[in-house]
file work33.cif (mmCIF, C-alpha atoms)
data_input
#
loop_
_atom_site.label_atom_id
_atom_site.label_comp_id
_atom_site.auth_asym_id
_atom_site.auth_seq_id
_atom_site.Cartn_x
_atom_site.Cartn_y
_atom_site.Cartn_z
CA MET A 1 -86.52 5.85 25.04
CA ALA A 2 -83.74 7.91 23.54
CA ARG A 3 -83.01 11.16 25.32
CA THR A 4 -83.11 14.42 23.47
CA THR A 5 -80.07 16.65 23.14
CA LYS A 6 -81.72 19.16 25.44
CA GLU A 7 -82.21 16.55 28.22
CA LEU A 8 -78.61 15.41 27.90
CA MET A 9 -77.41 19.01 28.14
CA VAL A 10 -79.48 19.61 31.27
CA GLU A 11 -78.08 16.43 32.86
CA ASN A 12 -74.52 17.45 32.03
CA LEU A 13 -75.14 20.94 33.36
CA LEU A 14 -76.59 19.69 36.65
CA THR A 15 -73.70 17.28 37.16
CA SER A 16 -71.22 20.06 36.41
CA VAL A 17 -72.93 22.35 38.93
CA ALA A 18 -72.84 19.62 41.61
CA LEU A 19 -69.13 18.96 41.00
CA GLY A 20 -68.49 22.70 40.97
CA LEU A 21 -70.15 23.02 44.37
CA LEU A 22 -67.95 20.20 45.68
CA ALA A 23 -64.88 22.01 44.33
CA VAL A 24 -65.97 25.22 46.08
CA VAL A 25 -66.41 23.37 49.39
CA VAL A 26 -62.98 21.74 49.11
CA ALA A 27 -61.31 25.01 48.11
CA SER A 28 -62.99 26.91 50.99
CA VAL A 29 -61.95 24.34 53.59
CA THR A 30 -58.39 24.28 52.23
CA LEU A 31 -58.20 28.08 52.36
CA ILE A 32 -59.49 28.17 55.95
CA VAL A 33 -56.96 25.51 57.01
CA ARG A 34 -54.06 27.31 55.28
CA SER A 35 -55.06 30.60 56.85
CA SER A 36 -55.24 29.08 60.36
CA GLU A 37 -51.85 27.39 59.80
CA VAL A 38 -50.31 30.72 58.79
CA SER A 39 -51.88 32.44 61.83
CA ARG A 40 -50.47 29.76 64.12
CA GLU A 41 -46.93 30.04 62.75
CA GLN A 42 -47.10 33.86 62.88
CA ALA A 43 -48.10 33.65 66.55
CA VAL A 44 -45.18 31.30 67.31
CA LEU A 45 -42.74 33.56 65.45
CA SER A 46 -44.05 36.67 67.24
CA ASP A 47 -43.61 34.95 70.61
CA LEU A 48 -40.09 33.89 69.67
CA ALA A 49 -39.03 37.35 68.40
CA GLY A 50 -40.97 39.32 71.01
CA ARG A 51 -42.21 41.53 68.17
CA PRO A 52 -44.98 41.20 65.58
CA VAL A 53 -44.18 39.68 62.19
CA SER A 54 -45.40 40.99 58.82
CA SER A 55 -48.88 39.84 57.86
CA ALA A 56 -47.73 38.65 54.42
CA PRO A 57 -44.62 36.53 53.87
CA VAL A 58 -41.75 38.17 51.99
CA ALA A 59 -40.76 34.82 50.47
CA GLY A 60 -42.01 31.25 50.47
CA ALA A 61 -43.03 28.25 48.37
CA ASP A 62 -40.20 25.86 49.19
CA PRO A 63 -40.57 22.25 50.39
CA HIS A 64 -38.55 23.00 53.53
CA ILE A 65 -38.60 26.79 53.94
CA LEU A 66 -42.37 27.20 53.99
CA ARG A 67 -42.72 30.94 54.58
CA LEU A 68 -40.32 33.75 55.41
CA TYR A 69 -41.51 36.91 57.20
CA ARG A 70 -39.92 40.19 58.16
CA VAL A 71 -40.21 40.94 61.88
CA GLY A 72 -41.78 44.35 62.48
CA GLY A 73 -41.54 46.79 65.40
CA THR A 74 -38.50 48.70 66.56
CA GLY A 75 -35.05 47.20 66.99
CA PRO A 76 -32.57 45.36 64.79
CA VAL A 77 -33.76 43.93 61.46
CA LEU A 78 -34.96 40.39 62.00
CA TYR A 79 -36.56 37.73 59.82
CA GLY A 80 -38.78 34.83 60.90
CA ALA A 81 -39.16 31.59 58.98
CA SER A 82 -41.35 28.55 59.27
CA LEU A 83 -39.47 25.36 58.33
CA SER A 84 -40.41 21.74 57.72
CA LEU A 85 -37.43 19.55 58.68
CA ASP A 86 -37.29 15.85 57.82
CA SER A 87 -35.70 12.95 59.59
CA PRO A 88 -35.87 9.22 58.86
CA SER A 89 -37.94 8.90 62.03
CA GLY A 90 -40.19 11.93 61.80
CA VAL A 91 -40.96 15.45 60.68
CA ALA A 92 -40.64 18.66 62.70
CA MET A 93 -42.26 22.03 62.10
CA VAL A 94 -39.78 24.62 63.27
CA ALA A 95 -40.05 28.39 63.78
CA THR A 96 -36.76 30.28 63.43
CA ILE A 97 -35.63 33.88 63.92
CA LEU A 98 -32.61 35.15 61.98
CA GLY A 99 -30.73 38.43 61.92
CA ALA A 100 -30.12 40.43 58.73
CA ASP A 101 -26.65 38.81 58.55
CA GLY A 102 -28.30 35.39 58.26
CA GLN A 103 -27.35 34.27 61.75
CA LEU A 104 -29.78 31.96 63.52
CA GLN A 105 -30.84 33.68 66.74
CA ALA A 106 -33.72 31.59 68.08
CA LEU A 107 -35.55 28.41 67.21
CA LYS A 108 -38.61 26.53 68.43
CA VAL A 109 -40.13 23.18 67.43
CA TYR A 110 -43.90 23.72 67.45
CA ASP A 111 -45.05 20.38 66.05
CA ALA A 112 -43.24 17.06 65.56
CA THR A 113 -43.91 13.38 64.94
CA GLY A 114 -42.09 10.48 66.57
CA ILE A 115 -40.65 10.58 70.07
CA ARG A 116 -37.44 8.95 68.81
CA SER A 117 -36.97 11.80 66.37
CA PRO A 118 -33.78 13.79 67.09
CA PHE A 119 -35.86 16.97 66.94
CA THR A 120 -37.45 16.12 70.25
CA ARG A 121 -34.08 16.22 72.03
CA ALA A 122 -33.61 19.57 73.73
CA ASP A 123 -30.00 19.98 72.60
CA TRP A 124 -30.53 18.92 69.00
CA PHE A 125 -30.49 22.43 67.56
CA SER A 126 -27.99 23.97 69.97
CA ASP A 127 -25.15 23.58 67.45
CA TYR A 128 -27.01 25.66 64.91
CA LEU A 129 -27.70 28.67 67.13
CA GLY A 130 -25.43 31.67 66.54
CA LYS A 131 -24.32 30.20 63.19
CA GLY A 132 -25.08 31.33 59.65
CA GLY A 133 -23.64 33.99 57.40
CA ALA A 134 -19.94 34.38 58.23
CA ALA A 135 -20.07 31.45 60.67
CA PRO A 136 -21.41 28.55 58.57
CA TYR A 137 -23.49 25.76 60.02
CA PRO A 138 -21.61 22.56 60.91
CA SER A 139 -21.17 20.67 57.66
CA SER A 140 -20.76 17.26 59.24
CA PRO A 141 -21.93 15.50 62.41
CA ALA A 142 -18.27 15.31 63.49
CA ALA A 143 -18.26 19.11 63.80
CA SER A 144 -21.06 18.93 66.33
CA ARG A 145 -20.34 19.65 69.98
CA ASN A 146 -22.73 16.91 70.94
CA PRO A 147 -22.14 13.78 68.84
CA SER A 148 -24.48 11.70 70.97
CA ALA A 149 -27.42 13.79 69.77
CA VAL A 150 -26.34 13.17 66.19
CA SER A 151 -26.03 9.41 66.55
CA GLY A 152 -28.37 7.60 64.18
CA ALA A 153 -29.56 10.79 62.55
CA SER A 154 -26.62 11.97 60.45
CA GLU A 155 -28.76 12.12 57.33
CA SER A 156 -31.25 14.51 58.87
CA TYR A 157 -28.42 16.52 60.46
CA LEU A 158 -26.82 17.16 57.07
CA LEU A 159 -30.18 17.83 55.42
CA ASN A 160 -31.07 20.36 58.11
CA SER A 161 -27.68 22.03 57.71
CA ASP A 162 -28.47 22.44 54.01
CA VAL A 163 -31.92 23.89 54.76
CA LEU A 164 -30.53 26.35 57.30
CA THR A 165 -27.70 27.34 54.93
CA ASP A 166 -30.27 28.05 52.19
CA LEU A 167 -32.37 30.01 54.66
CA SER A 168 -29.36 32.07 55.76
CA GLU A 169 -28.54 32.88 52.12
CA ARG A 170 -32.13 33.92 51.37
CA VAL A 171 -32.29 36.14 54.44
CA ARG A 172 -29.02 37.88 53.53
CA SER A 173 -30.27 38.38 49.99
CA LEU A 174 -33.57 39.86 51.25
CA ALA A 175 -31.75 42.12 53.69
CA LYS A 176 -29.51 43.35 50.86
CA GLU A 177 -32.59 44.14 48.75
CA GLY A 178 -34.11 45.94 51.72
CA LYS A 179 -37.25 43.79 51.77
CA MET B 180 -60.19 -23.71 46.57
CA LYS B 181 -62.94 -21.21 45.90
CA SER B 182 -64.28 -21.48 49.43
CA GLU B 183 -60.79 -20.83 50.90
CA ARG B 184 -60.40 -17.64 48.83
CA ALA B 185 -63.82 -16.44 49.86
CA ALA B 186 -62.80 -16.77 53.50
CA TYR B 187 -59.96 -14.25 52.97
CA VAL B 188 -62.27 -11.46 51.86
CA PRO B 189 -63.51 -10.08 55.22
CA ASN B 190 -60.41 -8.04 56.10
CA PRO B 191 -59.68 -5.73 53.14
CA VAL B 192 -55.99 -5.36 54.07
CA PHE B 193 -54.85 -8.79 55.30
CA GLY B 194 -57.32 -10.80 53.22
CA GLY B 195 -57.82 -8.71 50.08
CA LEU B 196 -54.48 -6.78 50.14
CA LEU B 197 -56.55 -3.71 49.29
CA GLY B 198 -55.29 -0.16 49.78
CA ILE B 199 -51.88 -1.38 50.95
CA CYS B 200 -49.74 1.24 49.18
CA PRO B 201 -50.10 3.97 51.84
CA LEU B 202 -49.76 1.41 54.61
CA VAL B 203 -46.49 0.08 53.23
CA ALA B 204 -45.04 3.48 52.37
CA ALA B 205 -46.28 5.84 55.06
CA ALA B 206 -47.77 3.91 58.01
CA ASN B 207 -44.46 3.56 59.89
CA SER B 208 -45.81 4.77 63.23
CA LEU B 209 -48.94 4.32 65.31
CA VAL B 210 -50.16 7.85 64.64
CA ASN B 211 -49.54 7.58 60.87
CA GLY B 212 -51.42 4.28 60.66
CA PHE B 213 -54.23 5.65 62.81
CA VAL B 214 -54.63 8.77 60.63
CA LEU B 215 -54.52 6.83 57.34
CA GLY B 216 -57.02 4.26 58.62
CA ALA B 217 -59.36 6.80 60.18
CA GLY B 218 -59.28 8.98 57.05
CA ALA B 219 -60.10 6.05 54.80
CA ALA B 220 -62.86 4.74 57.09
CA LEU B 221 -64.43 8.17 57.44
CA SER B 222 -64.39 8.72 53.69
CA VAL B 223 -66.00 5.36 53.01
CA ALA B 224 -68.72 6.14 55.55
CA VAL B 225 -69.49 9.50 53.91
CA LEU B 226 -69.30 8.00 50.43
CA VAL B 227 -71.75 5.26 51.40
CA ALA B 228 -74.13 7.93 52.68
CA PHE B 229 -73.90 9.92 49.45
CA LEU B 230 -74.02 7.04 46.95
CA PRO B 231 -77.83 6.74 46.92
CA LEU B 232 -78.01 10.45 46.10
CA ILE B 233 -75.55 10.05 43.26
CA GLN B 234 -77.34 7.03 41.88
CA GLY B 235 -80.72 8.68 42.22
CA PHE B 236 -79.92 11.95 40.49
CA VAL B 237 -76.83 11.39 38.33
CA PRO B 238 -77.37 9.58 34.99
CA ASP B 239 -75.70 6.18 34.50
CA ARG B 240 -73.03 7.43 32.12
CA LEU B 241 -71.85 10.10 34.61
CA ARG B 242 -72.01 8.06 37.82
CA ALA B 243 -68.44 6.75 37.80
CA PRO B 244 -66.75 10.15 37.29
CA ALA B 245 -69.15 11.80 39.75
CA SER B 246 -68.45 9.14 42.40
CA LEU B 247 -64.71 9.39 41.85
CA ALA B 248 -64.89 13.19 42.10
CA LEU B 249 -66.76 12.86 45.40
CA ALA B 250 -64.15 10.37 46.66
CA ALA B 251 -61.34 12.74 45.67
CA GLY B 252 -63.13 15.65 47.35
CA LEU B 253 -63.54 13.64 50.56
CA ALA B 254 -59.86 12.68 50.47
CA LEU B 255 -58.87 16.34 50.16
CA LEU B 256 -61.16 17.32 53.03
CA VAL B 257 -59.65 14.63 55.26
CA ALA B 258 -56.15 15.83 54.31
CA ALA B 259 -57.14 19.41 55.17
CA GLY B 260 -58.48 18.25 58.54
CA VAL B 261 -55.24 16.43 59.36
CA GLU B 262 -53.21 19.48 58.29
CA ALA B 263 -55.28 21.65 60.61
CA LEU B 264 -54.76 19.28 63.56
CA SER B 265 -51.08 18.51 63.02
CA PRO B 266 -49.05 19.97 60.12
CA ALA B 267 -46.16 17.65 61.00
CA VAL B 268 -48.30 14.51 60.62
CA ALA B 269 -49.75 15.83 57.34
CA ARG B 270 -46.22 16.44 56.02
CA ALA B 271 -45.00 13.03 57.22
CA LEU B 272 -47.83 11.33 55.30
CA GLY B 273 -47.30 13.54 52.26
CA VAL B 274 -49.10 12.59 49.08
CA TYR B 275 -50.35 9.28 50.49
CA LEU B 276 -52.91 11.02 52.63
CA PRO B 277 -54.87 12.99 50.03
CA LEU B 278 -54.36 10.68 47.08
CA ILE B 279 -54.04 7.02 47.88
CA ALA B 280 -55.32 6.27 51.35
CA VAL B 281 -58.91 7.05 50.63
CA SER B 282 -59.22 6.36 46.94
CA CYS B 283 -58.22 2.70 47.30
CA VAL B 284 -60.95 1.96 49.80
CA SER B 285 -63.39 4.31 48.14
CA LEU B 286 -62.97 2.49 44.85
CA HIS B 287 -63.71 -0.71 46.69
CA ALA B 288 -66.87 0.89 47.98
CA LEU B 289 -67.83 1.93 44.47
CA ARG B 290 -67.45 -1.66 43.29
CA ARG B 291 -70.26 -2.69 45.62
CA ALA B 292 -72.25 0.48 45.33
CA PRO B 293 -75.29 -0.87 43.45
CA ALA B 294 -76.05 -3.45 46.15
CA ALA B 295 -75.69 -0.82 48.87
CA THR B 296 -77.98 1.54 47.04
CA ASP B 297 -80.61 -1.11 46.49
CA LEU B 298 -80.63 -1.93 50.19
CA MET B 299 -81.06 1.72 51.10
CA ARG B 300 -83.97 2.00 48.72
CA GLY B 301 -85.56 -1.02 50.34
CA GLU B 302 -84.96 -3.23 47.32
CA SER B 303 -82.69 -5.79 48.92
CA THR B 304 -80.86 -7.78 46.28
CA GLY B 305 -78.04 -9.48 48.17
CA ALA B 306 -75.94 -9.89 51.27
CA PHE B 307 -73.72 -6.82 50.67
CA GLY B 308 -75.01 -3.50 51.92
CA ALA B 309 -74.01 -0.29 53.58
CA GLY B 310 -73.46 -2.16 56.84
CA SER B 311 -70.92 -4.52 55.32
CA LEU B 312 -69.06 -1.62 53.70
CA LEU B 313 -68.87 0.16 57.05
CA VAL B 314 -67.58 -3.02 58.70
CA GLU B 315 -64.90 -3.26 56.01
CA ALA B 316 -64.00 0.39 56.60
CA ALA B 317 -63.66 -0.32 60.33
CA LEU B 318 -61.50 -3.37 59.57
CA TYR B 319 -59.29 -1.24 57.32
CA PHE B 320 -58.93 1.31 60.13
CA GLY B 321 -57.98 -1.42 62.62
CA ALA B 322 -55.50 -3.02 60.23
CA ALA B 323 -53.84 0.31 59.38
CA THR B 324 -53.48 1.23 63.06
CA PHE B 325 -52.11 -2.22 63.92
CA ILE B 326 -49.56 -2.15 61.07
CA GLY B 327 -48.42 1.34 62.13
CA ALA B 328 -48.05 0.21 65.76
CA VAL B 329 -46.11 -2.96 64.85
CA ARG B 330 -43.76 -1.03 62.53
CA GLU B 331 -43.11 1.70 65.11
CA LEU B 332 -42.47 -0.83 67.88
CA ALA B 333 -40.12 -2.92 65.72
CA GLY B 334 -38.48 -0.02 63.89
CA SER B 335 -38.15 2.65 66.57
CA GLY B 336 -38.73 0.76 69.82
CA THR B 337 -41.58 3.04 70.85
CA LEU B 338 -45.32 3.36 70.73
CA SER B 339 -46.16 7.03 70.56
CA PHE B 340 -49.19 9.12 69.86
CA PRO B 341 -47.96 12.71 69.72
CA MET B 342 -50.60 15.41 69.97
CA PRO B 343 -50.09 18.99 68.80
CA GLY B 344 -47.84 20.77 71.26
CA SER B 345 -46.87 17.67 73.24
CA GLN B 346 -44.68 14.59 72.95
CA ALA B 347 -46.94 12.10 74.72
CA PHE B 348 -45.93 8.49 74.32
CA LEU B 349 -47.41 5.22 75.41
CA PHE B 350 -44.42 2.90 75.57
CA SER B 351 -40.68 2.99 74.97
CA LEU B 352 -38.01 0.26 74.84
CA GLY B 353 -35.36 2.77 75.91
CA ASP B 354 -32.75 4.29 73.65
CA SER B 355 -32.46 1.31 71.33
CA SER B 356 -34.02 1.06 67.88
CA PRO B 357 -34.52 -2.71 67.46
CA ALA B 358 -34.70 -2.93 63.66
CA ARG B 359 -34.86 0.34 61.76
CA LEU B 360 -35.65 -1.58 58.57
CA PHE B 361 -39.26 -1.92 59.72
CA ALA B 362 -39.74 1.85 59.63
CA ALA B 363 -38.73 1.86 55.94
CA PRO B 364 -41.05 0.80 53.07
CA ALA B 365 -39.19 -2.52 52.73
CA GLY B 366 -40.08 -3.26 56.35
CA GLY B 367 -43.67 -2.34 55.53
CA PHE B 368 -43.80 -5.17 53.00
CA LEU B 369 -42.27 -7.59 55.53
CA VAL B 370 -44.76 -6.66 58.25
CA LEU B 371 -47.72 -6.77 55.89
CA GLY B 372 -46.64 -10.15 54.51
CA CYS B 373 -46.24 -11.65 57.97
CA LEU B 374 -49.56 -10.27 59.22
CA ALA B 375 -51.41 -11.42 56.08
CA ALA B 376 -49.90 -14.90 56.46
CA ALA B 377 -50.89 -15.02 60.13
CA TYR B 378 -54.40 -13.86 59.28
CA ARG B 379 -54.83 -16.57 56.65
CA ALA B 380 -53.37 -19.23 58.96
CA ILE B 381 -55.87 -18.28 61.68
CA LEU B 382 -58.75 -18.40 59.20
CA ARG B 383 -57.63 -21.80 57.95
CA ALA B 384 -57.28 -23.16 61.50
CA ARG B 385 -60.75 -21.89 62.38
CA LYS B 386 -62.18 -23.45 59.28
CA ARG B 387 -60.60 -26.81 60.14
CA SER B 388 -61.86 -26.73 63.70
CA ALA B 389 -65.38 -25.75 62.62
#
call {"tool": "encode", "arguments": {"input": "work33.cif", "output": "structure tokens"}}
result
Amino acid sequence: MARTTKELMVENLLTSVALGLLAVVVASVTLIVRSSEVSREQAVLSDLAGRPVSSAPVAGADPHILRLYRVGGTGPVLYGASLSLDSPSGVAMVATILGADGQLQALKVYDATGIRSPFTRADWFSDYLGKGGAAPYPSSPAASRNPSAVSGASESYLLNSDVLTDLSERVRSLAKEGK
Amino acid sequence: MKSERAAYVPNPVFGGLLGICPLVAAANSLVNGFVLGAGAALSVAVLVAFLPLIQGFVPDRLRAPASLALAAGLALLVAAGVEALSPAVARALGVYLPLIAVSCVSLHALRRAPAATDLMRGESTGAFGAGSLLVEAALYFGAATFIGAVRELAGSGTLSFPMPGSQAFLFSLGDSSPARLFAAPAGGFLVLGCLAAAYRAILRARKRSA
């Protein structure tokens, strides 16, 4: 028996409502997850800086520089950033603290994949600390103080240098704007 | 010839080469393979549970888009769960986690959906049912985990299962990386080809001895 236009409309409407509910569930879960991820990285950055960070990021939306915060409290102007660094053998989520001059002051890996990843080596990031701004990051593995840590991971070393250079530039630009 | 092909069906990955894209591209470590396999298996299980509802209340002409929307929703929920547990693993898997891992197997589930639904309604019409779909999901999970483990062992010389906040590992060959090619997508094809060949050889040998 052929269905009337009214019946077809009701069917379409019910299906749309069901799919809409599914969309609401997915969106809610995604929002909750994002919010807990942001809270976690803010906690790591606060621990690293010893001061609270701003509740809302001052910049973000980059594949590698996920979110950039201004560190609050009294003391010198500091910025905190959450980074996603790639390597052929894994990914590391890194929290960094930079001064207003773009210099990297502290860094902590708070999640990583792959035990062979260079990020899991304690000295991997030591060459980056204290660099940025006027003192650029090492542009090649040969400039590293610890070539053994670089062995087999030159690609990620150079990529990370690029990410940290971009971060340093963004921090200096934000500091200049007074944000 | 037909009977030999039918014997390859049981394992969706090694026999049917189903849902292999994420396994070749992203399952280059034990944890990546485990997450992809578990996400796909979980989604199939939930989809199987919801299919009778869809087929009972959604009209014929809207069933396919509704089922696909449910599969996509499940994939996104699994991706959100992985992101909550380990952002690094979610980033390492990238687009393969929300898009491909689940939809391949889910589509396979949809192909057999009518039989499953009939069984759940008590109108048995054939050998395939929800149970067989769940077994296939479990086989997919096992195959994905195994491929990830083999690729990590061959490509990085380790077997690791990092948890958030720790670097726990199960086994390491030392500082050497035996063959880094196996961690790359090209190595994924090599491993999958070898395992599929071994699987078929075992099936053929069993068939001869039976």
call {"tool": "closest_residue", "arguments": {"input": "work33.cif", "among": "A:Ala112, A:Ile32, A:Leu48, A:Val53", "to": "chain B", "atoms": "all atoms listed in the file"}}
result
A:Ala112
call {"tool": "axis_aligned_box", "arguments": {"input": "work33.cif", "around": "stretch 39-46 of chain A", "padding_each_side": "8 Å", "output": "lines of an AutoDock Vina configuration file"}}
result
center_x = -47.3
center_y = 33.2
center_z = 64.6
size_x = 25.1
size_y = 22.9
size_z = 21.5
call {"tool": "resolve_selection", "arguments": {"input": "work33.cif", "expression": "the PyMOL selection byres ((chain A) within 9 of (chain B))", "output": "PyMOL selection string"}}
result
chain A and resi 11-12+14-15+18-19+22-23+25-26+29-30+33-34+36-37+84+86+88-93+109-116+120
call {"tool": "residues_around", "arguments": {"input": "work33.cif", "residues": "A:Leu45", "least_positions_apart": "2", "cutoff": "10 Å", "atoms": "all atoms listed in the file", "output": "ChimeraX atom specification"}}
result
/A:39-43,47-53,69,71,79-82,94-97,106-108
call {"tool": "resolve_selection", "arguments": {"input": "work33.cif", "expression": "the PyMOL selection byres ((chain A and resi 99) around 10)", "output": "list in words"}}
result
Val71, Pro76, Val77, Leu78, Tyr79, Gly80, Ile97, Leu98, Ala100, Asp101, Gly102, Gln103, Leu104, Gln105, Ala106, Gly130, Gly132, Gly133, Ser168, Val171, Arg172 and Ala175 of chain A
call {"tool": "resolve_selection", "arguments": {"input": "work33.cif", "expression": "the PyMOL selection byres ((chain A and resi 63) around 10)", "output": "list of chain:residue names"}}
result
A:Gly60, A:Ala61, A:Asp62, A:His64, A:Ile65, A:Leu66, A:Arg67, A:Leu83, A:Ser84, A:Leu85, A:Val163, B:Arg270
call {"tool": "atom_distance", "arguments": {"input": "work33.cif", "atom1": "atom CA of B:Pro189", "atom2": "atom CA of B:Leu318"}}
result
8.2 Å
call {"tool": "build_atoms", "arguments": {"input": "work33.cif", "residues": "stretch 67-84 of chain A", "atoms": "N, CA and C atoms", "output": "mmCIF file, keeping the file's coordinate frame"}}
result
data_model
loop_
_atom_site.group_PDB
_atom_site.id
_atom_site.type_symbol
_atom_site.label_atom_id
_atom_site.label_comp_id
_atom_site.auth_asym_id
_atom_site.auth_seq_id
_atom_site.Cartn_x
_atom_site.Cartn_y
_atom_site.Cartn_z
ATOM 1 N N ARG A 67 -42.421 29.507 54.721
ATOM 2 C CA ARG A 67 -42.720 30.940 54.580
ATOM 3 C C ARG A 67 -41.669 31.741 55.347
ATOM 4 N N LEU A 68 -41.343 32.889 54.800
ATOM 5 C CA LEU A 68 -40.320 33.750 55.410
ATOM 6 C C LEU A 68 -40.931 35.131 55.615
ATOM 7 N N TYR A 69 -40.901 35.618 56.864
ATOM 8 C CA TYR A 69 -41.510 36.910 57.200
ATOM 9 C C TYR A 69 -40.442 37.888 57.660
ATOM 10 N N ARG A 70 -40.772 39.173 57.555
ATOM 11 C CA ARG A 70 -39.920 40.190 58.160
ATOM 12 C C ARG A 70 -40.544 40.530 59.518
ATOM 13 N N VAL A 71 -39.709 40.605 60.549
ATOM 14 C CA VAL A 71 -40.210 40.940 61.880
ATOM 15 C C VAL A 71 -40.346 42.454 61.973
ATOM 16 N N GLY A 72 -41.528 42.921 62.392
ATOM 17 C CA GLY A 72 -41.780 44.350 62.480
ATOM 18 C C GLY A 72 -41.352 44.932 63.813
ATOM 19 N N GLY A 73 -41.856 46.127 64.128
ATOM 20 C CA GLY A 73 -41.540 46.790 65.400
ATOM 21 C C GLY A 73 -40.178 47.454 65.355
ATOM 22 N N THR A 74 -39.784 47.994 66.504
ATOM 23 C CA THR A 74 -38.500 48.700 66.560
ATOM 24 C C THR A 74 -37.404 47.734 67.021
ATOM 25 N N GLY A 75 -36.168 48.061 66.622
ATOM 26 C CA GLY A 75 -35.050 47.200 66.990
ATOM 27 C C GLY A 75 -34.305 46.742 65.749
ATOM 28 N N PRO A 76 -33.351 45.835 65.942
ATOM 29 C CA PRO A 76 -32.570 45.360 64.790
ATOM 30 C C PRO A 76 -33.455 44.630 63.770
ATOM 31 N N VAL A 77 -33.009 44.618 62.517
ATOM 32 C CA VAL A 77 -33.760 43.930 61.460
ATOM 33 C C VAL A 77 -33.700 42.419 61.694
ATOM 34 N N LEU A 78 -34.879 41.834 61.772
ATOM 35 C CA LEU A 78 -34.960 40.390 62.000
ATOM 36 C C LEU A 78 -35.902 39.757 60.967
ATOM 37 N N TYR A 79 -35.667 38.491 60.707
ATOM 38 C CA TYR A 79 -36.560 37.730 59.820
ATOM 39 C C TYR A 79 -37.009 36.470 60.556
ATOM 40 N N GLY A 80 -38.238 36.066 60.306
ATOM 41 C CA GLY A 80 -38.780 34.830 60.900
ATOM 42 C C GLY A 80 -39.146 33.866 59.798
ATOM 43 N N ALA A 81 -38.844 32.595 60.010
ATOM 44 C CA ALA A 81 -39.160 31.590 58.980
ATOM 45 C C ALA A 81 -39.799 30.372 59.604
ATOM 46 N N SER A 82 -40.729 29.803 58.856
ATOM 47 C CA SER A 82 -41.350 28.550 59.270
ATOM 48 C C SER A 82 -40.754 27.438 58.407
ATOM 49 N N LEU A 83 -40.179 26.420 59.061
ATOM 50 C CA LEU A 83 -39.470 25.360 58.330
ATOM 51 C C LEU A 83 -40.141 24.001 58.564
ATOM 52 N N SER A 84 -40.010 23.139 57.567
ATOM 53 C CA SER A 84 -40.410 21.740 57.720
ATOM 54 C C SER A 84 -39.140 20.914 57.576
#
